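File shown here: entry32.pdb, holding PDB, C-alpha atoms and all ligand atoms.
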```pdb
ATOM      1  CA  ALA A 942      -5.165  20.681  42.625
ATOM      2  CA  LYS A 943      -4.929  17.254  44.238
ATOM      3  CA  THR A 944      -8.477  16.342  43.266
ATOM      4  CA  ASN A 945      -7.874  17.529  39.750
ATOM      5  CA  ASN A 946      -4.817  15.347  39.351
ATOM      6  CA  ARG A 947      -6.654  12.353  40.682
ATOM      7  CA  THR A 948      -9.595  12.966  38.407
ATOM      8  CA  SER A 949      -7.385  13.216  35.366
ATOM      9  CA  PHE A 950      -5.480  10.088  36.412
ATOM     10  CA  VAL A 951      -8.693   8.102  36.740
ATOM     11  CA  PHE A 952      -9.819   9.481  33.429
ATOM     12  CA  ALA A 953      -6.562   8.597  31.708
ATOM     13  CA  SER A 954      -6.467   5.038  33.049
ATOM     14  CA  LYS A 955     -10.056   4.522  32.026
ATOM     15  CA  THR A 956      -9.259   5.588  28.483
ATOM     16  CA  ILE A 957      -6.270   3.260  28.365
ATOM     17  CA  ASN A 958      -8.408   0.361  29.590
ATOM     18  CA  GLN A 959     -10.981   1.209  27.015
ATOM     19  CA  ASP A 960      -8.322   1.239  24.286
ATOM     20  CA  VAL A 961      -6.977  -2.140  25.411
ATOM     21  CA  TYR A 962     -10.478  -3.528  25.561
ATOM     22  CA  GLU A 963     -11.299  -2.187  22.121
ATOM     23  CA  SER A 964      -8.091  -3.559  20.623
ATOM     24  CA  LEU A 965      -8.782  -6.985  22.099
ATOM     25  CA  ALA A 966     -12.324  -6.956  20.812
ATOM     26  CA  LEU A 967     -11.195  -5.729  17.418
ATOM     27  CA  LYS A 968      -8.577  -8.468  17.259
ATOM     28  CA  THR A 969     -11.266 -11.118  17.779
ATOM     29  CA  GLU A 970     -13.482  -9.388  15.246
ATOM     30  CA  LEU A 971     -10.649  -9.261  12.707
ATOM     31  CA  ALA A 972      -9.972 -12.989  13.124
ATOM     32  CA  TYR A 973     -13.645 -13.567  12.367
ATOM     33  CA  ALA A 974     -13.564 -11.161   9.419
ATOM     34  CA  LEU A 975     -10.609 -12.985   7.864
ATOM     35  CA  ASP A 976     -12.576 -16.247   7.908
ATOM     36  CA  HIS A 977     -15.974 -14.861   6.934
ATOM     37  CA  ASN A 978     -15.415 -12.640   3.926
ATOM     38  CA  GLU A 979     -15.901  -9.291   5.638
ATOM     39  CA  LEU A 980     -12.818  -7.978   3.852
ATOM     40  CA  SER A 981     -12.816  -6.655   0.329
ATOM     41  CA  LEU A 982     -10.494  -4.825  -2.019
ATOM     42  CA  VAL A 983     -10.565  -1.481  -3.778
ATOM     43  CA  PHE A 984      -8.160  -0.459  -6.539
ATOM     44  CA  GLN A 985      -6.672   2.975  -7.211
ATOM     45  CA  PRO A 986      -5.378   3.843 -10.700
ATOM     46  CA  LYS A 987      -1.793   4.972 -11.318
ATOM     47  CA  MET A 988      -1.151   7.403 -14.179
ATOM     48  CA  GLU A 989       1.940   8.176 -16.192
ATOM     49  CA  ILE A 990       2.182  11.992 -16.075
ATOM     50  CA  LYS A 991       3.603  12.972 -19.473
ATOM     51  CA  ARG A 992       1.214  11.013 -21.656
ATOM     52  CA  GLN A 993      -1.603  10.938 -19.073
ATOM     53  CA  GLN A 994      -1.733   7.198 -19.537
ATOM     54  CA  PHE A 995      -3.247   4.656 -17.158
ATOM     55  CA  VAL A 996      -0.412   2.300 -16.208
ATOM     56  CA  GLY A 997      -1.427   0.283 -13.144
ATOM     57  CA  GLY A 998      -3.269   0.110  -9.863
ATOM     58  CA  GLU A 999      -2.814  -0.340  -6.125
ATOM     59  CA  ALA A1000      -4.974  -2.771  -4.136
ATOM     60  CA  LEU A1001      -6.171  -1.441  -0.759
ATOM     61  CA  VAL A1002      -8.025  -3.546   1.783
ATOM     62  CA  ARG A1003     -11.451  -2.610   3.165
ATOM     63  CA  TRP A1004     -13.243  -4.004   6.211
ATOM     64  CA  ASN A1005     -16.973  -3.665   6.417
ATOM     65  CA  HIS A1006     -18.009  -4.887   9.880
ATOM     66  CA  PRO A1007     -21.714  -5.818  10.220
ATOM     67  CA  GLU A1008     -22.175  -3.598  13.321
ATOM     68  CA  LEU A1009     -19.176  -1.263  13.436
ATOM     69  CA  GLY A1010     -19.545  -0.442   9.765
ATOM     70  CA  PHE A1011     -16.490   0.594   7.792
ATOM     71  CA  VAL A1012     -13.266   0.240   9.843
ATOM     72  CA  SER A1013     -10.290   2.224   8.491
ATOM     73  CA  PRO A1014      -7.108   0.337   7.526
ATOM     74  CA  ASP A1015      -5.187   2.991   9.483
ATOM     75  CA  ARG A1016      -6.854   1.473  12.548
ATOM     76  CA  PHE A1017      -6.774  -2.280  11.901
ATOM     77  CA  ILE A1018      -3.495  -2.655   9.953
ATOM     78  CA  PRO A1019      -1.347  -1.469  12.911
ATOM     79  CA  LEU A1020      -3.421  -3.703  15.200
ATOM     80  CA  ALA A1021      -2.938  -6.686  12.874
ATOM     81  CA  GLU A1022       0.808  -5.952  12.789
ATOM     82  CA  ARG A1023       0.982  -6.110  16.588
ATOM     83  CA  SER A1024      -1.135  -9.263  16.872
ATOM     84  CA  GLY A1025       0.583 -11.164  14.048
ATOM     85  CA  GLN A1026      -2.672 -11.383  12.091
ATOM     86  CA  ILE A1027      -1.026  -9.253   9.402
ATOM     87  CA  ILE A1028       0.564 -12.380   7.897
ATOM     88  CA  GLN A1029      -2.861 -13.898   7.337
ATOM     89  CA  LEU A1030      -4.277 -10.552   6.150
ATOM     90  CA  ASP A1031      -1.475  -9.866   3.636
ATOM     91  CA  TRP A1032      -1.892 -13.383   2.262
ATOM     92  CA  TRP A1033      -5.652 -12.921   1.956
ATOM     93  CA  VAL A1034      -5.060  -9.692  -0.020
ATOM     94  CA  LEU A1035      -2.470 -11.270  -2.309
ATOM     95  CA  LYS A1036      -4.723 -14.245  -3.086
ATOM     96  CA  ALA A1037      -7.686 -11.920  -3.693
ATOM     97  CA  VAL A1038      -5.603  -9.768  -6.082
ATOM     98  CA  VAL A1039      -4.447 -12.812  -8.049
ATOM     99  CA  SER A1040      -7.993 -14.163  -8.284
ATOM    100  CA  GLN A1041      -9.243 -10.723  -9.396
ATOM    101  CA  LEU A1042      -6.577 -10.647 -12.125
ATOM    102  CA  THR A1043      -7.699 -14.131 -13.196
ATOM    103  CA  GLU A1044     -11.293 -12.919 -13.406
ATOM    104  CA  TRP A1045     -10.318  -9.857 -15.516
ATOM    105  CA  GLN A1046      -8.246 -12.115 -17.751
ATOM    106  CA  ARG A1047     -11.258 -14.404 -18.236
ATOM    107  CA  LEU A1048     -13.258 -11.320 -19.289
ATOM    108  CA  LYS A1049     -10.519 -10.656 -21.883
ATOM    109  CA  LEU A1050      -9.648  -7.285 -20.332
ATOM    110  CA  PRO A1051      -6.093  -6.025 -20.929
ATOM    111  CA  LEU A1052      -4.316  -6.279 -17.581
ATOM    112  CA  VAL A1053      -2.078  -3.761 -15.807
ATOM    113  CA  PRO A1054       0.281  -4.475 -12.908
ATOM    114  CA  ILE A1055      -1.430  -4.352  -9.518
ATOM    115  CA  ALA A1056       0.502  -3.268  -6.430
ATOM    116  CA  VAL A1057       0.025  -5.011  -3.083
ATOM    117  CA  ASN A1058       1.128  -3.566   0.271
ATOM    118  CA  LEU A1059       3.227  -5.989   2.303
ATOM    119  CA  SER A1060       4.259  -5.727   5.933
ATOM    120  CA  MET A1061       7.544  -6.750   7.487
ATOM    121  CA  PRO A1062       6.334 -10.036   9.071
ATOM    122  CA  THR A1063       5.032 -11.171   5.661
ATOM    123  CA  PHE A1064       8.174 -10.228   3.818
ATOM    124  CA  THR A1065      10.444 -12.115   6.188
ATOM    125  CA  ARG A1066       8.271 -15.125   7.009
ATOM    126  CA  ASN A1067       9.367 -18.641   6.105
ATOM    127  CA  HIS A1068       8.400 -19.945   2.654
ATOM    128  CA  PHE A1069       6.890 -16.604   1.532
ATOM    129  CA  VAL A1070       8.641 -16.668  -1.860
ATOM    130  CA  ASP A1071       7.791 -20.361  -2.418
ATOM    131  CA  ASP A1072       4.141 -19.707  -1.587
ATOM    132  CA  VAL A1073       4.043 -16.776  -4.029
ATOM    133  CA  ALA A1074       5.634 -18.929  -6.734
ATOM    134  CA  THR A1075       2.996 -21.634  -6.151
ATOM    135  CA  LEU A1076       0.172 -19.090  -6.211
ATOM    136  CA  LEU A1077       1.395 -17.721  -9.564
ATOM    137  CA  ALA A1078       1.917 -21.172 -11.059
ATOM    138  CA  GLU A1079      -1.542 -22.385 -10.018
ATOM    139  CA  SER A1080      -3.311 -19.260 -11.295
ATOM    140  CA  GLY A1081      -1.334 -18.818 -14.505
ATOM    141  CA  ILE A1082      -0.896 -15.120 -13.662
ATOM    142  CA  ARG A1083       2.477 -13.705 -14.726
ATOM    143  CA  GLY A1084       4.724 -12.278 -12.010
ATOM    144  CA  ASP A1085       5.141  -9.002 -13.893
ATOM    145  CA  LEU A1086       1.458  -8.269 -13.193
ATOM    146  CA  LEU A1087       2.337  -7.910  -9.509
ATOM    147  CA  GLU A1088       4.211  -5.206  -7.680
ATOM    148  CA  PHE A1089       4.975  -5.291  -3.948
ATOM    149  CA  GLU A1090       4.985  -2.032  -1.964
ATOM    150  CA  ILE A1091       7.040  -2.066   1.209
ATOM    151  CA  THR A1092       8.044   0.791   3.472
ATOM    152  CA  GLU A1093      11.612   1.832   4.232
ATOM    153  CA  ARG A1094      11.128   0.376   7.685
ATOM    154  CA  VAL A1095      10.541  -3.046   6.134
ATOM    155  CA  ALA A1096      13.367  -2.695   3.634
ATOM    156  CA  LEU A1097      15.825  -1.759   6.371
ATOM    157  CA  GLY A1098      14.604  -4.240   8.980
ATOM    158  CA  ASP A1099      16.918  -7.106   8.116
ATOM    159  CA  ILE A1100      18.829  -5.907   5.074
ATOM    160  CA  LYS A1101      20.453  -9.248   4.184
ATOM    161  CA  LYS A1102      17.115 -11.071   4.390
ATOM    162  CA  THR A1103      15.280  -8.319   2.463
ATOM    163  CA  GLN A1104      17.875  -8.353  -0.320
ATOM    164  CA  ALA A1105      17.595 -12.130  -0.644
ATOM    165  CA  VAL A1106      13.773 -12.125  -0.689
ATOM    166  CA  MET A1107      13.645  -9.261  -3.216
ATOM    167  CA  THR A1108      16.107 -10.985  -5.503
ATOM    168  CA  GLU A1109      14.008 -14.174  -5.497
ATOM    169  CA  LEU A1110      10.782 -12.200  -6.121
ATOM    170  CA  ARG A1111      12.442 -10.399  -9.042
ATOM    171  CA  LYS A1112      13.223 -13.802 -10.562
ATOM    172  CA  LEU A1113       9.451 -14.426 -10.532
ATOM    173  CA  GLY A1114       8.998 -11.162 -12.479
ATOM    174  CA  ILE A1115       7.528  -9.207  -9.536
ATOM    175  CA  SER A1116       8.676  -5.602  -9.125
ATOM    176  CA  MET A1117       9.355  -3.843  -5.837
ATOM    177  CA  SER A1118       8.530  -0.285  -4.674
ATOM    178  CA  ILE A1119       9.411   1.672  -1.573
ATOM    179  CA  ASP A1120       6.204   3.148  -0.115
ATOM    180  CA  ASP A1121       5.873   6.415   1.860
ATOM    181  CA  PHE A1122       9.366   7.369   0.725
ATOM    182  CA  GLY A1123      10.921  10.250   2.652
ATOM    183  CA  THR A1124       9.119   9.662   5.944
ATOM    184  CA  GLY A1125      11.242   6.836   7.326
ATOM    185  CA  TYR A1126      14.943   6.475   7.938
ATOM    186  CA  SER A1127      15.684   7.606   4.396
ATOM    187  CA  SER A1128      19.003   5.861   4.545
ATOM    188  CA  LEU A1129      19.837   6.213   0.904
ATOM    189  CA  SER A1130      22.803   3.886   0.806
ATOM    190  CA  TYR A1131      20.633   0.757   0.811
ATOM    191  CA  LEU A1132      18.707   1.728  -2.306
ATOM    192  CA  HIS A1133      21.263   0.680  -4.886
ATOM    193  CA  THR A1134      21.849  -2.647  -3.134
ATOM    194  CA  MET A1135      18.236  -3.740  -3.693
ATOM    195  CA  PRO A1136      16.296  -4.445  -6.896
ATOM    196  CA  ILE A1137      13.830  -1.574  -6.423
ATOM    197  CA  SER A1138      11.955  -0.304  -9.477
ATOM    198  CA  THR A1139       9.968   2.607  -8.000
ATOM    199  CA  LEU A1140       9.996   5.129  -5.154
ATOM    200  CA  LYS A1141       6.568   6.288  -3.977
ATOM    201  CA  ILE A1142       6.962   9.828  -2.693
ATOM    202  CA  ASP A1143       4.841  10.252   0.434
ATOM    203  CA  ARG A1144       1.680  12.336   0.338
ATOM    204  CA  ALA A1145       3.131  14.619   3.037
ATOM    205  CA  PHE A1146       5.499  16.140   0.441
ATOM    206  CA  ILE A1147       2.886  16.401  -2.288
ATOM    207  CA  SER A1148      -0.027  18.383  -0.896
ATOM    208  CA  ASN A1149       0.318  22.012  -2.088
ATOM    209  CA  ILE A1150       3.835  21.306  -3.371
ATOM    210  CA  GLU A1151       3.473  24.045  -6.005
ATOM    211  CA  THR A1152       3.455  26.697  -3.238
ATOM    212  CA  THR A1153       5.609  25.055  -0.521
ATOM    213  CA  GLU A1154       9.340  25.555  -0.910
ATOM    214  CA  THR A1155      10.492  22.945   1.604
ATOM    215  CA  LYS A1156       8.417  20.254  -0.087
ATOM    216  CA  GLN A1157       9.786  21.313  -3.471
ATOM    217  CA  GLY A1158      13.355  20.952  -2.198
ATOM    218  CA  ILE A1159      12.823  17.493  -0.749
ATOM    219  CA  THR A1160      10.895  16.189  -3.753
ATOM    220  CA  THR A1161      13.453  17.613  -6.215
ATOM    221  CA  ALA A1162      16.211  15.807  -4.322
ATOM    222  CA  ILE A1163      14.288  12.507  -4.214
ATOM    223  CA  ILE A1164      13.602  12.613  -7.968
ATOM    224  CA  ALA A1165      17.196  13.543  -8.828
ATOM    225  CA  MET A1166      18.510  10.690  -6.719
ATOM    226  CA  ALA A1167      16.022   8.218  -8.180
ATOM    227  CA  LYS A1168      17.060   9.244 -11.705
ATOM    228  CA  ALA A1169      20.727   8.723 -10.874
ATOM    229  CA  LEU A1170      19.866   5.212  -9.648
ATOM    230  CA  LYS A1171      17.543   4.554 -12.644
ATOM    231  CA  ILE A1172      14.563   4.124 -10.340
ATOM    232  CA  LYS A1173      11.093   5.415 -11.322
ATOM    233  CA  THR A1174       9.161   7.855  -9.134
ATOM    234  CA  ILE A1175       5.461   8.064  -8.372
ATOM    235  CA  ALA A1176       3.820  10.777  -6.272
ATOM    236  CA  GLU A1177       0.964   9.600  -4.034
ATOM    237  CA  GLY A1178      -2.006  11.619  -2.815
ATOM    238  CA  VAL A1179      -2.074  13.956  -5.823
ATOM    239  CA  GLU A1180      -5.346  15.877  -5.484
ATOM    240  CA  THR A1181      -4.999  18.885  -7.788
ATOM    241  CA  ALA A1182      -3.935  19.690 -11.360
ATOM    242  CA  GLU A1183      -1.490  22.257  -9.892
ATOM    243  CA  GLU A1184       0.297  19.563  -7.886
ATOM    244  CA  GLN A1185       0.458  17.308 -10.943
ATOM    245  CA  SER A1186       1.867  19.940 -13.285
ATOM    246  CA  TYR A1187       4.475  20.996 -10.727
ATOM    247  CA  LEU A1188       5.504  17.330 -10.386
ATOM    248  CA  ALA A1189       5.715  17.107 -14.191
ATOM    249  CA  THR A1190       8.224  19.979 -14.255
ATOM    250  CA  LEU A1191      10.353  18.081 -11.699
ATOM    251  CA  GLY A1192      10.392  15.011 -13.967
ATOM    252  CA  CYS A1193       8.291  12.776 -11.720
ATOM    253  CA  ASP A1194       7.131   9.746 -13.770
ATOM    254  CA  GLN A1195       3.722   8.842 -12.347
ATOM    255  CA  VAL A1196       0.943  10.087 -10.078
ATOM    256  CA  GLN A1197      -1.756   8.462  -7.981
ATOM    257  CA  GLY A1198      -4.508  10.229  -6.081
ATOM    258  CA  TYR A1199      -7.975  11.730  -5.986
ATOM    259  CA  LEU A1200      -7.149  14.009  -8.973
ATOM    260  CA  HIS A1201      -7.537  10.979 -11.207
ATOM    261  CA  SER A1202      -9.603   8.653  -9.018
ATOM    262  CA  LYS A1203     -10.282   7.538  -5.496
ATOM    263  CA  PRO A1204      -9.772   3.812  -4.830
ATOM    264  CA  LEU A1205     -12.557   1.938  -6.671
ATOM    265  CA  PRO A1206     -14.448  -1.332  -6.195
ATOM    266  CA  PRO A1207     -13.415  -4.006  -8.754
ATOM    267  CA  LYS A1208     -16.316  -3.412 -11.143
ATOM    268  CA  GLU A1209     -15.625   0.314 -11.422
ATOM    269  CA  PHE A1210     -11.873  -0.233 -11.684
ATOM    270  CA  SER A1211     -12.402  -2.722 -14.521
ATOM    271  CA  ALA A1212     -13.848   0.130 -16.618
ATOM    272  CA  TRP A1213     -10.346   1.671 -16.491
ATOM    273  CA  LEU A1214      -8.973  -1.495 -18.116
ATOM    274  CA  ILE A1215     -11.085  -1.052 -21.246
ATOM    275  CA  PRO A1216      -8.779   0.389 -23.931
ATOM    276  CA  GLY A1217      -9.376   3.977 -25.020
ATOM    277  CA  ILE A1218     -11.391   5.042 -21.995
ATOM    278  CA  HIS A1219      -8.544   6.560 -19.948
TER     279      HIS A1219
HETATM  280  P1  LIG A1301      -0.741   3.682   1.712
HETATM  281  O1  LIG A1301      -0.195   2.384   1.190
HETATM  282  O2  LIG A1301       0.190   4.847   1.734
HETATM  283  O3  LIG A1301      -2.037   3.946   0.840
HETATM  284  C1  LIG A1301      -2.449   5.215   0.400
HETATM  285  C2  LIG A1301      -3.589   5.735   1.219
HETATM  286  O4  LIG A1301      -3.898   7.077   0.784
HETATM  287  C3  LIG A1301      -4.880   4.944   1.053
HETATM  288  O5  LIG A1301      -5.601   5.022   2.291
HETATM  289  C4  LIG A1301      -5.621   5.751  -0.026
HETATM  290  O6  LIG A1301      -7.011   5.550  -0.009
HETATM  291  C5  LIG A1301      -5.258   7.156   0.371
HETATM  292  N1  LIG A1301      -5.315   8.095  -0.762
HETATM  293  C6  LIG A1301      -5.198   7.820  -2.083
HETATM  294  N2  LIG A1301      -5.250   8.936  -2.823
HETATM  295  C7  LIG A1301      -5.415   9.969  -1.959
HETATM  296  C8  LIG A1301      -5.539  11.402  -2.121
HETATM  297  O7  LIG A1301      -5.489  11.949  -3.230
HETATM  298  N3  LIG A1301      -5.678  12.146  -1.001
HETATM  299  C9  LIG A1301      -5.729  11.579   0.242
HETATM  300  N4  LIG A1301      -5.893  12.392   1.303
HETATM  301  N5  LIG A1301      -5.591  10.225   0.451
HETATM  302  C10 LIG A1301      -5.449   9.439  -0.645
HETATM  303  P2  LIG A1301      -6.196   3.705   2.944
HETATM  304  O8  LIG A1301      -6.792   2.839   1.883
HETATM  305  O9  LIG A1301      -7.038   4.166   4.080
HETATM  306  O10 LIG A1301      -4.923   2.930   3.493
HETATM  307  C11 LIG A1301      -4.159   3.463   4.534
HETATM  308  C12 LIG A1301      -2.907   2.624   4.764
HETATM  309  O11 LIG A1301      -3.268   1.320   5.246
HETATM  310  C13 LIG A1301      -2.103   2.373   3.492
HETATM  311  O12 LIG A1301      -1.311   3.481   3.206
HETATM  312  C14 LIG A1301      -1.323   1.139   3.899
HETATM  313  O13 LIG A1301      -0.207   1.492   4.690
HETATM  314  C15 LIG A1301      -2.333   0.391   4.752
HETATM  315  N6  LIG A1301      -3.013  -0.615   3.921
HETATM  316  C16 LIG A1301      -4.116  -0.473   3.144
HETATM  317  N7  LIG A1301      -4.413  -1.642   2.540
HETATM  318  C17 LIG A1301      -3.479  -2.552   2.920
HETATM  319  C18 LIG A1301      -3.239  -3.945   2.624
HETATM  320  O14 LIG A1301      -3.936  -4.593   1.839
HETATM  321  N8  LIG A1301      -2.178  -4.543   3.261
HETATM  322  C19 LIG A1301      -1.357  -3.856   4.109
HETATM  323  N9  LIG A1301      -0.320  -4.514   4.681
HETATM  324  N10 LIG A1301      -1.534  -2.552   4.385
HETATM  325  C20 LIG A1301      -2.584  -1.900   3.809
HETATM  326 CA    CA A1302       0.913   1.721  -0.571
HETATM  327 CA    CA A1303       2.020   5.284   0.547
HETATM  328 CA    CA A1304       0.873   5.778   3.973
END
```

Translate the structure of the given file into structure tokens.
Ligand code: C2E
Ligand code: CA
Ligand code: CA
Ligand code: CA
Amino acid sequence: AKTNNRTSFVFASKTINQDVYESLALKTELAYALDHNELSLVFQPKMEIKRQQFVGGEALVRWNHPELGFVSPDRFIPLAERSGQIIQLDWWVLKAVVSQLTEWQRLKLPLVPIAVNLSMPTFTRNHFVDDVATLLAESGIRGDLLEFEITERVALGDIKKTQAVMTELRKLGISMSIDDFGTGYSSLSYLHTMPISTLKIDRAFISNIETTETKQGITTAIIAMAKALKIKTIAEGVETAEEQSYLATLGCDQVQGYLHSKPLPPKEFSAWLIPGIH
């Protein structure tokens, strides 16, 4: 038994070292990626359920490393949050979204609002709102073409600060959504104190909702509450027509997910912007 314990201890510590080593290496690699255009964006369409109308998109970051290949955001976003690189990454994404909108505008495509995911350090950093205002002014892109998605964790981090930042962003025309709703603290009392336009119901409550009673209960409650507060709802990770029609009966406003489209590279997403196609 003694040998076994020792073996497993050695094994465990080796794995931890390996993890630390990999994170360190990845951190260096990410710093390089941020400076050398290894990051790119994909865009996922958002659909209004009732009229099946294309109403917007969400920008998601992609990292294609020359040797490691495609690295998942679920791996490098948490790492970037711990290392502080997330501030630089979020800013890279926001600038890339604005320049993409400028490009689509130049091509005379009708634009839809594009959502950008923002982390807590970005949302609370100094001069964030001023920098956004400058970015919009210099590009000539209207604020109402941007939406910021933040999680409950971010919204509840420093409530006074969050309220102030959101209020300033609203003045620029930017709308605010709560991402992954239902998975965090779900402290509902803060919702009406912040200028939030949309709740994004987490994928965990959506998959097979039409046959899962607990998910139905939670989602019904979220939608009812959102309606009372005059906040829109969007379900994320909708993969089947059954999920979508069940959500329609609950009065959910929008859906996003593989049912309509996976996240697309800019060229493919721009086809969605052409009137009459979707
Ligand atoms: P999220 O914001 O909740 O994004 C939704 C994730 O679900 C995306 O994964 C998307 O590709 C995936 N997804 C969309 N539709 C479906 C579906 O029908 N079924 C399934 N199974 N999955 C679907 P992705 O792109 O890997 O991003 C993972 C997370 O990484 C995001 O979760 C977000 O928290 C973070 N992230 C991605 N891009 C950015 C970014 O630019 N900035 C920041 N701060 N975080 C980002
Ligand atoms: Ca999101
Ligand atoms: Ca989400
Ligand atoms: Ca998520």

Selected residue, from A:Glu1180, A:Gln1046, A:Glu999, A:Ser1211, that lies nearest to ligand CA 1303 (chain A) when counting all atoms listed in the file: A:Glu999

Suppose a student applies the PyMOL selection byres (((chain A and resi 1168) around 12) and not hetatm) to this structure; what residues should they get, written as a list of chain:residue names?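 Written out, the selection comes to A:His1133, A:Ser1138, A:Thr1139, A:Leu1140, A:Thr1161, A:Ala1162, A:Ile1163, A:Ile1164, A:Ala1165, A:Met1166, A:Ala1167, A:Ala1169, A:Leu1170, A:Lys1171, A:Ile1172, A:Lys1173, A:Thr1174, A:Leu1191, A:Gly1192, A:Cys1193, A:Asp1194.
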
Name the residues, by chain letter and number, that sit within 10 Å of ligand CA 1302 (chain A) using all atoms listed in the file, and give them as a list in words.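 Answer in the requested format: Glu999, Ala1000, Leu1001, Ala1056, Val1057, Asn1058, Leu1059, Phe1089, Glu1090, Ile1091, Thr1092, Ser1118, Ile1119, Asp1120, Asp1121, Lys1141, Asp1143 and Glu1177 of chain A.
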
Kindly indicate which residue among A:Thr1103, A:Gln1157, A:Thr1043, A:Thr1063 lies nearest to Gly1081 of chain A, using only C-alpha atoms for the distances.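 Answer, going by the shortest atom-to-atom distance: A:Thr1043.
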
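Applied to the file shown here, the PyMOL selection byres (((chain A and resi 1213) around 10) and not hetatm) selects the residues Pro986, Phe995, Val996, Gly997, Gly998, Leu1050, Pro1051, Val1053, Lys1208, Glu1209, Phe1210, Ser1211, Ala1212, Leu1214, Ile1215, Pro1216, Gly1217, Ile1218 and His1219 of chain A.
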
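Each of A:Trp1033, A:Tyr1131, A:Phe984, A:Tyr1199 was checked against ligand LIG 1301 (chain A) using all atoms listed in the file; the smallest atom-to-atom distance is that of A:Tyr1199.
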
Which residue out of A:Val1039, A:Leu1052, A:Val1106, A:Met1061 has the minimum interatomic distance to ligand LIG 1301 (chain A) when only C-alpha atoms and all ligand atoms are used? A:Met1061

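Compared by their closest atoms to ligand CA 1304 (chain A), and using only C-alpha atoms and all ligand atoms, the residues A:His1201, A:Arg1144, A:His977, A:Lys1156 rank with A:Arg1144 nearest.
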
Do you have the atom CA of Ile1018 of chain A-atom C4 of ligand LIG 1301 (chain A) distance handy? 13.2 Å

Please identify all polymer residues within 12 Å of Leu1113 of chain A, counting only C-alpha atoms, omitting same-chain residues fewer than 5 positions from it, and present them as a short mmCIF file (atom, residue, chain, number, x, y, z; two decimals) with C-alpha atoms, in the coordinates of the input.
```cif
data_model
loop_
_atom_site.label_atom_id
_atom_site.label_comp_id
_atom_site.auth_asym_id
_atom_site.auth_seq_id
_atom_site.Cartn_x
_atom_site.Cartn_y
_atom_site.Cartn_z
CA VAL A 1070 8.64 -16.67 -1.86
CA ASP A 1071 7.79 -20.36 -2.42
CA ASP A 1072 4.14 -19.71 -1.59
CA VAL A 1073 4.04 -16.78 -4.03
CA ALA A 1074 5.63 -18.93 -6.73
CA THR A 1075 3.00 -21.63 -6.15
CA LEU A 1076 0.17 -19.09 -6.21
CA LEU A 1077 1.40 -17.72 -9.56
CA ALA A 1078 1.92 -21.17 -11.06
CA ILE A 1082 -0.90 -15.12 -13.66
CA ARG A 1083 2.48 -13.70 -14.73
CA GLY A 1084 4.72 -12.28 -12.01
CA ASP A 1085 5.14 -9.00 -13.89
CA LEU A 1086 1.46 -8.27 -13.19
CA LEU A 1087 2.34 -7.91 -9.51
CA GLU A 1088 4.21 -5.21 -7.68
CA VAL A 1106 13.77 -12.12 -0.69
CA MET A 1107 13.64 -9.26 -3.22
CA THR A 1108 16.11 -10.98 -5.50
#
```

From the list A:Asn1149, A:Thr1181, A:Asn978, A:Thr1124, which residue is nearest Val1034 of chain A when using only C-alpha atoms? A:Asn978

Each side padded by 3 Å, which centre and which edge lengths in Å (one decimal) define the axis-aligned box around the listed atoms of ligand LIG 1301 (chain A)? Give them as AutoDock Vina command-line options.
```
--center_x -3.4 --center_y 3.9 --center_z 1.0 --size_x 13.2 --size_y 23.0 --size_z 14.5
```
